[in-house]
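Colleague: Provided herewith: final_24.tsv, TSV, C-alpha atoms.
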chain	number	residue	atom	x	y	z
M	1	MET	CA	-19.32	-11.58	5.55
M	2	ILE	CA	-20.20	-14.70	7.56
M	3	LEU	CA	-16.58	-15.85	7.37
M	4	ILE	CA	-15.46	-12.53	8.83
M	5	TYR	CA	-17.98	-12.91	11.64
M	6	PHE	CA	-16.64	-16.38	12.31
M	7	PHE	CA	-13.05	-15.13	12.59
M	8	ILE	CA	-14.18	-12.37	14.97
M	9	ALA	CA	-16.07	-15.02	16.95
M	10	VAL	CA	-12.95	-17.16	17.24
M	11	GLY	CA	-11.01	-14.16	18.55
M	12	LEU	CA	-13.73	-13.37	21.06
M	13	SER	CA	-13.93	-17.00	22.16
M	14	MET	CA	-10.23	-17.49	22.93
M	15	ASP	CA	-10.56	-16.01	26.43
M	16	ALA	CA	-13.52	-18.29	27.10
M	17	PHE	CA	-11.49	-21.27	25.91
M	18	SER	CA	-8.45	-20.36	28.02
M	19	LEU	CA	-10.42	-19.72	31.19
M	20	ALA	CA	-12.53	-22.83	30.60
M	21	LEU	CA	-9.32	-24.83	30.21
M	22	ALA	CA	-8.12	-23.49	33.57
M	23	TYR	CA	-11.42	-24.27	35.28
M	24	GLY	CA	-11.70	-27.62	33.56
M	25	THR	CA	-8.63	-28.77	35.50
M	26	ASN	CA	-10.94	-28.74	38.54
M	27	ASN	CA	-13.00	-31.61	37.10
M	28	ILE	CA	-16.30	-29.79	36.59
M	29	LYS	CA	-19.22	-32.19	36.21
M	30	PHE	CA	-20.57	-32.72	32.68
M	31	LYS	CA	-23.96	-31.14	33.47
M	32	LYS	CA	-22.24	-27.97	34.72
M	33	THR	CA	-20.00	-28.04	31.64
M	34	ILE	CA	-23.08	-27.88	29.42
M	35	ILE	CA	-24.81	-25.21	31.54
M	36	LEU	CA	-21.70	-23.01	31.76
M	37	SER	CA	-21.07	-23.33	28.02
M	38	LEU	CA	-24.68	-22.32	27.32
M	39	ILE	CA	-24.45	-19.31	29.63
M	40	VAL	CA	-21.21	-18.17	27.97
M	41	GLY	CA	-22.85	-18.60	24.57
M	42	ILE	CA	-25.85	-16.56	25.67
M	43	PHE	CA	-23.61	-13.80	27.02
M	44	HIS	CA	-21.66	-13.71	23.74
M	45	PHE	CA	-24.99	-12.88	22.12
M	46	ILE	CA	-26.19	-10.43	24.79
M	47	MET	CA	-22.99	-8.41	25.25
M	48	PRO	CA	-22.56	-7.28	21.62
M	49	LEU	CA	-26.30	-6.63	21.50
M	50	LEU	CA	-25.91	-4.39	24.55
M	51	GLY	CA	-22.94	-2.72	22.88
M	52	SER	CA	-25.15	-1.96	19.90
M	53	ILE	CA	-27.86	-0.54	22.11
M	54	ILE	CA	-25.65	1.55	24.36
M	55	GLY	CA	-23.51	3.01	21.59
M	56	THR	CA	-20.06	4.48	21.49
M	57	SER	CA	-20.56	7.78	23.27
M	58	VAL	CA	-21.49	6.29	26.64
M	59	ILE	CA	-19.29	3.22	26.68
M	60	ASN	CA	-15.84	4.42	25.50
M	61	ASN	CA	-14.55	5.14	29.02
M	62	LEU	CA	-15.99	1.93	30.47
M	63	ILE	CA	-14.33	-0.27	27.85
M	64	ASN	CA	-10.90	1.22	28.53
M	65	LYS	CA	-11.29	0.47	32.25
M	66	SER	CA	-12.75	-3.00	31.70
M	67	ASN	CA	-9.31	-4.35	30.77
M	68	ILE	CA	-8.03	-3.51	34.24
M	69	ILE	CA	-11.12	-4.95	35.92
M	70	VAL	CA	-10.91	-8.22	33.98
M	71	SER	CA	-7.16	-8.44	34.67
M	72	VAL	CA	-7.70	-8.04	38.41
M	73	VAL	CA	-10.43	-10.72	38.34
M	74	PHE	CA	-8.04	-13.15	36.62
M	75	ILE	CA	-5.28	-12.40	39.15
M	76	LEU	CA	-7.67	-12.97	42.06
M	77	LEU	CA	-8.85	-16.25	40.53
M	78	ALA	CA	-5.24	-17.39	40.07
M	79	ILE	CA	-4.39	-16.49	43.68
M	80	GLU	CA	-7.46	-18.33	44.93
M	81	MET	CA	-6.54	-21.40	42.86
M	82	PHE	CA	-2.97	-21.29	44.17
M	83	ILE	CA	-4.03	-20.97	47.81
M	84	SER	CA	-6.55	-23.79	47.59
M	85	ARG	CA	-4.45	-26.08	45.34
M	86	ASN	CA	-3.80	-28.63	48.10
M	87	GLU	CA	-7.24	-28.48	49.67
M	88	GLU	CA	-10.06	-30.82	48.77
M	89	LYS	CA	-12.28	-27.82	48.03
M	90	LYS	CA	-11.14	-26.47	44.67
M	91	VAL	CA	-11.89	-23.17	43.03
M	92	THR	CA	-14.69	-24.11	40.73
M	93	ILE	CA	-17.93	-23.05	39.19
M	94	ASN	CA	-20.48	-24.32	41.68
M	95	ASN	CA	-23.53	-22.08	41.33
M	96	LEU	CA	-25.37	-19.87	38.88
M	97	SER	CA	-23.83	-16.62	40.11
M	98	SER	CA	-20.27	-17.93	39.62
M	99	MET	CA	-21.27	-19.09	36.12
M	100	ILE	CA	-22.62	-15.64	35.29
M	101	ILE	CA	-19.46	-13.95	36.59
M	102	PHE	CA	-17.41	-16.35	34.44
M	103	ALA	CA	-19.57	-15.52	31.40
M	104	ILE	CA	-19.34	-11.75	31.94
M	105	THR	CA	-15.58	-11.95	32.39
M	106	VAL	CA	-15.01	-13.76	29.10
M	107	SER	CA	-17.60	-11.85	27.08
M	108	ILE	CA	-16.90	-8.24	28.11
M	109	ASP	CA	-14.76	-7.68	25.02
M	110	SER	CA	-17.71	-8.56	22.78
M	111	LEU	CA	-19.44	-5.43	24.11
M	112	SER	CA	-17.02	-3.24	22.13
M	113	VAL	CA	-17.42	-5.47	19.07
M	114	GLY	CA	-21.18	-4.88	19.31
M	115	ILE	CA	-20.57	-1.14	19.29
M	116	ALA	CA	-18.39	-1.43	16.19
M	117	LEU	CA	-20.85	-3.67	14.38
M	118	SER	CA	-23.74	-1.37	15.18
M	119	LEU	CA	-21.87	1.40	13.37
M	120	THR	CA	-21.10	-0.68	10.27
M	121	GLU	CA	-23.93	-3.21	9.94
M	122	LYS	CA	-27.66	-2.68	9.56
M	123	ASN	CA	-28.59	-6.06	11.03
M	124	PRO	CA	-25.72	-7.57	13.03
M	125	ALA	CA	-27.89	-10.27	14.69
M	126	ILE	CA	-26.38	-13.03	12.53
M	127	ALA	CA	-22.94	-12.00	13.80
M	128	TYR	CA	-24.14	-12.23	17.40
M	129	LEU	CA	-25.55	-15.70	16.74
M	130	ILE	CA	-22.20	-16.82	15.29
M	131	PHE	CA	-20.41	-15.34	18.34
M	132	SER	CA	-22.78	-17.23	20.62
M	133	ILE	CA	-22.37	-20.62	18.95
M	134	THR	CA	-18.60	-20.29	18.65
M	135	SER	CA	-18.12	-19.24	22.28
M	136	PHE	CA	-20.37	-22.08	23.46
M	137	THR	CA	-18.22	-24.53	21.50
M	138	PHE	CA	-14.90	-23.09	22.68
M	139	THR	CA	-16.02	-23.02	26.31
M	140	PHE	CA	-17.27	-26.59	26.12
M	141	LEU	CA	-14.04	-27.80	24.49
M	142	GLY	CA	-11.90	-25.90	27.02
M	143	LEU	CA	-13.73	-27.45	29.97
M	144	ILE	CA	-13.51	-30.95	28.49
M	145	LEU	CA	-9.82	-30.56	27.58
M	146	GLY	CA	-9.07	-29.16	31.06
M	147	LYS	CA	-10.73	-32.20	32.62
M	148	LYS	CA	-8.69	-34.56	30.43
M	149	ILE	CA	-5.49	-32.74	31.39
M	150	SER	CA	-6.48	-33.01	35.04
M	151	ASP	CA	-7.22	-36.72	34.67
M	152	LYS	CA	-3.80	-37.25	33.10
M	153	PHE	CA	-1.66	-34.99	35.28
M	154	GLY	CA	-3.65	-34.90	38.52
M	155	LYS	CA	-2.96	-32.04	40.92
M	156	LYS	CA	-0.19	-30.67	38.69
M	157	ALA	CA	-2.92	-29.60	36.24
M	158	ILE	CA	-3.97	-26.91	38.75
M	159	TYR	CA	-0.67	-25.15	38.08
M	160	LEU	CA	-1.50	-25.04	34.39
M	161	GLY	CA	-4.79	-23.38	35.29
M	162	ILE	CA	-2.99	-20.83	37.48
M	163	ILE	CA	-0.50	-20.04	34.71
M	164	ILE	CA	-3.30	-19.57	32.17
M	165	LEU	CA	-5.14	-17.17	34.50
M	166	LEU	CA	-1.98	-15.13	35.10
M	167	MET	CA	-1.24	-14.98	31.36
M	168	LEU	CA	-4.78	-13.77	30.67
M	169	SER	CA	-4.37	-11.15	33.38
M	170	VAL	CA	-1.14	-9.86	31.82
M	171	LYS	CA	-2.81	-9.84	28.40
M	172	TYR	CA	-5.60	-7.59	29.67
M	173	LEU	CA	-3.20	-5.28	31.46
M	174	LEU	CA	-0.69	-4.87	28.64
M	175	LEU	CA	-2.77	-5.33	25.50
M	176	PRO	CA	-5.91	-3.19	25.70
M	177	GLN	CA	-8.83	-4.41	23.62
Rewrite the coordinates I just gave you, this time as structure tokens.
Modeller:
Amino acid sequence: MILIYFFIAVGLSMDAFSLALAYGTNNIKFKKTIILSLIVGIFHFIMPLLGSIIGTSVINNLINKSNIIVSVVFILLAIEMFISRNEEKKVTINNLSSMIIFAITVSIDSLSVGIALSLTEKNPAIAYLIFSITSFTFTFLGLILGKKISDKFGKKAIYLGIIILLMLSVKYLLLPQ
């Protein structure tokens, strides 16, 4: 069962990795990389827990609409990155509120997984812990890899970040969770 949880965790963490890769191209400081990765990990524990608590009857409509909301957020982030690509001030994670928004954006899909697990598992807490650790790791690796890409390709790396955000947006619009 733990292996199944791990594979679910990898699936849930791919958005965190992709968005972290995009943001990593903005050369986020190492301390913020650790803090953001921890926050994402915490939210990948909290969101499925909330899904378990709230249950399927209340949340079904919200989950269907969350794809559109997340898609719009990714489009807005891509537009903001594109507009500010030549400015010194880059779109980045610079305070706790932006880190929390980042974490919510990449962990919203784990809410529905929490609902499903609450229906099939008596004690899904181990799954939530695996989700948390995996998403922390993927976020951290995405931010570090994004920084390395930025170091190697300079300002051109911003375009990679913009493309990743647009692809994530299309994914959420066309492929509902």
Colleague: Given the choices M:Tyr159, M:Pro48, M:Ser97, M:Tyr23, which gets closest to Ile115 (chain M) if the distance is worked out from all atoms listed in the file?
Modeller: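 Closest candidate: M:Pro48.
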Colleague: Between M:Ile79, M:Ala16, M:Met1, M:Leu166, which is the closest to Phe43 (chain M) once you count all atoms listed in the file?
Modeller: M:Ala16
Colleague: Return the single residue from M:Ala127, M:Leu111, M:Ile34, M:Leu173 that is closest to Phe7 (chain M), with distances computed using all atoms listed in the file.
Modeller: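 Using all atoms listed in the file, the shortest distance to Phe7 (chain M) belongs to M:Ala127.
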Colleague: Grab the CA of Ile162 (chain M) to CA of Thr105 (chain M) distance for me, in Å with one decimal place.
Modeller: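 CA of Ile162 (chain M) sits 16.2 Å away from CA of Thr105 (chain M).
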Colleague: If I take CA of Ile46 (chain M) and CA of Leu129 (chain M), how far is one from the other in Å, to one decimal?
Modeller: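 Distance reported for this atom pair: 9.6 Å.
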Colleague: Would you pick out the contacts of Thr134 (chain M) at 8 Å or less, using all atoms listed in the file, so that residues sharing its chain but fewer than 2 positions from it are not included, and give the list as a list in words?
Modeller: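 The residues that qualify are Phe6, Ala9, Val10, Ser13, Gly41, Ile130, Phe131, Ser132, Phe136, Thr137 and Phe138 of chain M.
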Colleague: Can you work out the spacing between CA of Ala116 (chain M) and CA of Leu175 (chain M) in Å, to one decimal?
Modeller: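 Separating CA of Ala116 (chain M) from CA of Leu175 (chain M) is a distance of 18.6 Å.
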Colleague: Around the point (-6.2, -29.9, 33.7) in the file's coordinates, collect all residues with an atom within 8 Å, using all atoms listed in the file, and return them as a ChimeraX atom specification.
Modeller: /M:21-27,145-154,156-158,160-161
Colleague: Would you pick out the contacts of Leu49 (chain M) at 12 Å or less, using all atoms listed in the file, so that residues sharing its chain but fewer than 4 positions from it are not included, and give the list as a PyMOL selection string?
Modeller: chain M and resi 42-45+53-55+107-108+110-118+123-129+131-132
